[in-house]
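What's in protein31.txt: compact mmCIF, C-alpha atoms
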# COMPACT_ATOMS: atom_id res chain seq x y z
CA ALA A 1 57.17 -30.99 -25.23
CA ALA A 2 54.26 -30.48 -27.65
CA ALA A 3 52.62 -33.71 -26.47
CA GLY A 4 52.99 -32.64 -22.86
CA ALA A 5 51.52 -29.20 -23.59
CA GLY A 6 48.58 -30.77 -25.39
CA ALA A 7 47.94 -33.08 -22.49
CA GLY A 8 48.03 -30.11 -20.12
CA VAL A 9 45.50 -28.20 -22.24
CA ASP A 10 43.20 -31.22 -22.42
CA GLY A 11 43.42 -31.73 -18.68
CA GLY A 12 42.63 -28.08 -18.07
CA ALA A 13 39.61 -28.29 -20.35
CA HIS A 14 38.13 -31.11 -18.32
CA ALA A 15 38.84 -29.47 -14.96
CA PRO A 16 35.72 -28.40 -13.06
CA ALA A 17 34.95 -24.69 -13.20
CA ASP A 18 33.93 -24.56 -9.55
CA PRO A 19 36.76 -25.48 -7.15
CA LEU A 20 34.21 -26.37 -4.45
CA ALA A 21 32.63 -28.96 -6.74
CA ALA A 22 35.94 -30.85 -6.97
CA ALA A 23 36.59 -30.79 -3.24
CA PRO A 24 35.69 -34.06 -1.52
CA GLY A 25 32.90 -33.92 1.02
CA VAL A 26 31.47 -30.64 -0.30
CA SER A 27 27.80 -30.74 -1.22
CA ALA A 28 26.61 -29.48 -4.61
CA THR A 29 24.10 -27.21 -2.86
CA ALA A 30 26.62 -25.67 -0.48
CA GLY A 31 26.57 -22.28 -2.19
CA ARG A 32 22.83 -22.10 -2.63
CA ASP A 33 20.42 -20.25 -0.39
CA PRO A 34 18.34 -22.44 1.94
CA HIS A 35 14.74 -23.13 1.03
CA PRO A 36 12.28 -20.59 2.50
CA THR A 37 10.42 -23.35 4.33
CA ALA A 38 13.59 -24.72 5.95
CA ALA A 39 13.20 -22.53 9.04
CA LEU A 40 9.42 -23.02 9.29
CA PRO A 41 9.61 -25.94 11.78
CA TRP A 42 12.05 -23.97 13.92
CA GLY A 43 9.77 -20.93 13.84
CA ILE A 44 6.72 -22.97 14.84
CA SER A 45 8.69 -24.66 17.62
CA THR A 46 9.95 -21.33 18.95
CA LEU A 47 6.47 -19.85 18.78
CA ALA A 48 5.01 -22.83 20.64
CA ALA A 49 7.78 -22.61 23.23
CA GLY A 50 7.03 -18.92 23.78
CA LEU A 51 3.32 -19.59 24.25
CA ALA A 52 4.13 -22.44 26.65
CA VAL A 53 6.42 -20.18 28.70
CA GLU A 54 3.65 -17.58 28.89
CA ALA A 55 1.09 -20.21 29.91
CA TYR A 56 3.23 -21.44 32.82
CA ALA A 57 4.48 -17.98 33.82
CA GLY A 58 1.72 -17.62 36.38
CA HIS A 59 3.34 -20.31 38.55
CA THR A 60 6.53 -18.28 38.99
CA THR A 61 7.13 -15.81 41.78
CA ALA A 62 9.45 -13.41 39.97
CA THR A 63 7.62 -10.40 38.63
CA ALA A 64 8.51 -7.67 36.18
CA ASP A 65 7.44 -4.05 36.26
CA MET A 66 5.51 -3.10 33.15
CA PRO A 67 5.44 0.42 31.71
CA ARG A 68 3.00 2.96 33.06
CA GLY A 69 -0.60 2.04 32.43
CA LEU A 70 0.01 -1.75 32.46
CA THR A 71 -0.34 -4.25 35.24
CA SER A 72 2.80 -5.97 36.47
CA GLY A 73 3.15 -9.64 35.73
CA PRO A 74 5.48 -12.63 35.88
CA LEU A 75 8.93 -12.32 34.41
CA GLY A 76 8.30 -15.37 32.22
CA VAL A 77 5.71 -13.44 30.23
CA LEU A 78 8.40 -11.12 28.88
CA LEU A 79 10.54 -14.10 27.90
CA GLY A 80 7.53 -15.68 26.24
CA TRP A 81 6.86 -12.51 24.26
CA LEU A 82 10.45 -12.50 22.99
CA LEU A 83 10.21 -16.15 21.96
CA THR A 84 6.92 -15.64 20.14
CA ALA A 85 8.33 -12.64 18.25
CA LEU A 86 11.40 -14.69 17.29
CA GLY A 87 9.18 -17.57 16.20
CA LEU A 88 7.10 -15.31 13.97
CA ALA A 89 10.27 -13.90 12.39
CA LEU A 90 11.61 -17.39 11.69
CA ALA A 91 8.31 -18.68 10.33
CA GLY A 92 7.66 -15.63 8.13
CA PRO A 93 9.49 -16.82 4.98
CA GLY A 94 7.96 -20.29 5.16
CA LEU A 95 4.44 -18.96 5.67
CA THR A 96 4.87 -16.55 2.76
CA HIS A 97 6.06 -19.42 0.56
CA LEU A 98 3.05 -21.50 1.59
CA CYS A 99 0.77 -18.56 0.74
CA GLY A 100 2.18 -18.66 -2.78
CA ARG A 101 1.51 -22.37 -3.02
CA LEU A 102 -2.01 -21.83 -1.69
CA LEU A 103 -2.76 -19.39 -4.48
CA GLN A 104 -1.79 -21.98 -7.07
CA THR A 105 -4.03 -24.79 -5.86
CA ALA A 106 -7.25 -26.02 -7.51
CA ARG A 107 -6.58 -25.27 -11.19
CA PRO A 108 -5.25 -21.71 -10.95
CA GLY A 109 -5.73 -19.21 -13.72
CA ALA A 110 -3.14 -16.80 -15.05
CA LEU A 111 -3.78 -14.28 -12.29
CA ARG A 112 -3.46 -16.69 -9.36
CA LEU A 113 -0.52 -18.46 -11.00
CA LEU A 114 1.37 -15.20 -11.45
CA ALA A 115 0.62 -14.00 -7.91
CA GLY A 116 1.58 -17.33 -6.38
CA ARG A 117 4.85 -17.59 -8.30
CA VAL A 118 5.87 -14.08 -7.28
CA LEU A 119 5.09 -14.82 -3.62
CA MET A 120 7.18 -17.97 -3.72
CA GLU A 121 10.10 -16.11 -5.28
CA GLU A 122 9.89 -13.20 -2.84
CA SER A 123 9.21 -15.25 0.29
CA ALA A 124 12.84 -15.20 1.44
CA ARG A 125 13.05 -11.44 0.93
CA ILE A 126 9.83 -10.17 2.48
CA GLY A 127 8.92 -13.06 4.78
CA ARG A 128 11.22 -12.23 7.67
CA PRO A 129 10.34 -8.49 7.84
CA LEU A 130 6.68 -9.47 7.63
CA GLY A 131 7.11 -11.87 10.53
CA ILE A 132 8.82 -9.15 12.59
CA VAL A 133 5.96 -6.76 11.86
CA CYS A 134 3.50 -9.43 13.01
CA GLY A 135 5.49 -9.90 16.21
CA VAL A 136 5.47 -6.17 16.95
CA ALA A 137 1.76 -5.95 16.08
CA SER A 138 0.93 -8.84 18.41
CA ALA A 139 2.88 -7.17 21.21
CA ALA A 140 1.01 -3.90 20.57
CA TYR A 141 -2.33 -5.73 20.59
CA ALA A 142 -1.48 -7.48 23.85
CA THR A 143 -0.29 -4.19 25.36
CA ALA A 144 -3.58 -2.52 24.46
CA ALA A 145 -5.49 -5.43 25.99
CA LEU A 146 -3.45 -5.18 29.20
CA GLN A 147 -3.85 -1.45 29.62
CA ASN A 148 -5.51 -0.52 32.88
CA PRO A 149 -8.30 2.01 32.14
CA ASP A 150 -8.24 3.30 35.73
CA GLY A 151 -4.47 3.65 35.85
CA PRO A 152 -2.14 6.27 34.42
CA THR A 153 -1.65 6.60 30.70
CA PHE A 154 1.55 5.91 28.85
CA GLY A 155 4.36 8.38 29.40
CA PRO A 156 6.07 10.29 26.60
CA LEU A 157 9.18 8.07 26.60
CA THR A 158 7.09 4.89 26.40
CA THR A 159 5.04 6.32 23.54
CA LEU A 160 8.18 7.48 21.72
CA GLY A 161 9.79 4.05 22.09
CA ALA A 162 6.70 2.27 20.81
CA LEU A 163 6.44 4.58 17.81
CA LEU A 164 10.14 4.14 17.08
CA VAL A 165 9.92 0.34 17.12
CA ALA A 166 6.76 0.29 15.01
CA GLY A 167 8.20 2.78 12.53
CA CYS A 168 11.45 0.85 12.13
CA THR A 169 9.67 -2.44 11.51
CA LEU A 170 7.30 -0.90 8.97
CA ALA A 171 10.21 0.85 7.24
CA THR A 172 12.07 -2.47 7.02
CA LEU A 173 9.04 -4.16 5.47
CA LEU A 174 8.54 -1.34 2.96
CA THR A 175 12.23 -1.42 2.05
CA ALA A 176 12.06 -5.16 1.42
CA ALA A 177 8.95 -4.68 -0.72
CA VAL A 178 10.66 -2.00 -2.82
CA GLU A 179 13.74 -4.18 -3.25
CA ALA A 180 11.56 -7.07 -4.37
CA LYS A 181 9.82 -4.81 -6.89
CA HIS A 182 13.15 -3.72 -8.35
CA ALA A 183 14.39 -7.31 -8.42
CA ARG A 184 11.50 -8.44 -10.61
CA ALA A 185 11.59 -5.37 -12.87
CA ASP A 186 13.04 -7.40 -15.76
CA THR A 187 10.33 -10.05 -15.37
CA THR A 188 7.61 -7.40 -15.34
CA ALA A 189 9.06 -5.78 -18.47
CA ALA A 190 9.18 -9.17 -20.22
CA LEU A 191 5.54 -9.85 -19.33
CA ARG A 192 4.51 -6.48 -20.74
CA ARG A 193 6.40 -7.17 -23.96
CA LEU A 194 4.52 -10.47 -24.23
CA GLY A 195 1.22 -8.59 -24.02
CA ALA A 196 0.27 -8.92 -20.35
CA PRO A 197 -2.07 -6.04 -19.46
CA ALA A 198 -1.07 -3.66 -16.70
CA VAL A 199 -4.43 -4.27 -15.02
CA MET A 200 -3.56 -7.92 -14.51
CA LEU A 201 -0.19 -7.05 -12.98
CA ARG A 202 -1.84 -4.65 -10.54
CA ALA A 203 -4.52 -7.21 -9.73
CA ALA A 204 -1.81 -9.79 -9.01
CA ALA A 205 -0.15 -7.36 -6.58
CA VAL A 206 -3.47 -6.74 -4.82
CA LEU A 207 -4.11 -10.49 -4.64
CA ARG A 208 -0.69 -11.10 -3.09
CA ALA A 209 -1.27 -8.43 -0.45
CA ALA A 210 -4.77 -9.71 0.33
CA THR A 211 -3.49 -13.28 0.73
CA LEU A 212 -0.74 -12.20 3.12
CA VAL A 213 -3.20 -10.17 5.20
CA ALA A 214 -5.69 -13.06 5.28
CA VAL A 215 -3.00 -15.41 6.64
CA PHE A 216 -0.89 -13.20 8.90
CA ALA A 217 -3.63 -11.02 10.45
CA PRO A 218 -5.52 -13.89 12.18
CA LEU A 219 -2.21 -15.40 13.26
CA THR A 220 -1.17 -12.10 14.83
CA VAL A 221 -4.47 -11.74 16.68
CA ILE A 222 -4.35 -15.32 17.99
CA VAL A 223 -0.76 -14.98 19.20
CA ALA A 224 -1.56 -11.63 20.83
CA ALA A 225 -4.62 -13.04 22.61
CA LEU A 226 -2.65 -16.01 23.91
CA ALA A 227 0.21 -13.73 24.98
CA ALA A 228 -2.09 -11.44 26.98
CA GLN A 229 -4.06 -14.24 28.61
CA PRO A 230 -1.61 -14.99 31.49
CA LEU A 231 -1.75 -11.36 32.69
CA THR A 232 -5.50 -10.93 32.35
CA ARG A 233 -6.38 -13.84 34.62
Rewrite the coordinates I just gave you, this time as structure tokens.
Amino acid sequence: AAAGAGAGVDGGAHAPADPLAAAPGVSATAGRDPHPTAALPWGISTLAAGLAVEAYAGHTTATADMPRGLTSGPLGVLLGWLLTALGLALAGPGLTHLCGRLLQTARPGALRLLAGRVLMEESARIGRPLGIVCGVASAAYATAALQNPDGPTFGPLTTLGALLVAGCTLATLLTAAVEAKHARADTTAALRRLGAPAVMLRAAAVLRAATLVAVFAPLTVIVAALAAQPLTR
């Protein structure tokens, strides 16, 4: 009985702690989050598909009524706008991760290295809300470009809806930024204990924001210009 109990204890000591690791056919990375750049090809493909739908929307006969102050256009343009917004949302985490890698190229110093590492770590958290904000901003830019100066202005319901959508997207982005700040509070405290000056931490935050604006702002303008082109011809 003692020998059997000892064998049972030894067998239990060598048993894997994770039951999924012992299951056949289960990958070791099954419980891990996907890499931020995993959805980047899908986002680029969806964005390209949306732009292609908008480019060929002029050949269709079905039209959609735009809100007051805008010219009516093909129904495919609306579908293209939805696809481009979805593509920007999917590509947001991957683009944010690539921004972090870009900051760390060409012999980075402590400032660029810190800013790039933080962007890479926070890409999955803030990338998707940032992509949604870019999609809404591109739609707003295209809407402003399509506004008919001789026609009626936007009604109160249209203005309220636009403000509601813009406010919700900005609130989501700010919430994600605050959550990311709280998530790295321990890391920030450890850096301060090691002697990192507060000026460098603030400069790293400014550098991260400037890098994101430098990458996402031109992308938003380009997508908005291409989205408005089928209706301005």
Work out how far CA of Gly94 in chain A is from CA of Ala225 in chain A, in Å to one decimal. 22.7 Å
Met120 in chain A surroundings by all atoms listed in the file, 8 Å radius, close-in-sequence under 5 positions cut, as a PyMOL selection string: chain A and resi 96-101
Given only C-alpha atoms as the basis, pick out the residue of A:Ala177, A:Leu40, A:Ala139, A:Cys168 nearest to Ile222 in chain A. A:Ala139
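Within 12 Å of Thr188 in chain A, once all atoms listed in the file are used and residues closer than 4 positions along the same chain are dropped, the contacting residues are Leu114, Val118, Ala180, Lys181, His182, Ala183, Arg184, Arg192, Arg193, Leu194, Gly195, Ala196, Pro197, Ala198, Met200, Leu201, Arg202, Ala204 and Ala205 of chain A.
If only C-alpha atoms are the atoms counted, then among A:Gly80, A:Gly116, A:Gly127, A:Gly161 the closest residue to Ala228 in chain A is A:Gly80.
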Find the distance between CA of Gly167 in chain A and CA of Ala137 in chain A and write it in Å to one decimal. 11.4 Å
Quick one, how far is CA of Gly131 in chain A from CA of Thr169 in chain A? 9.8 Å
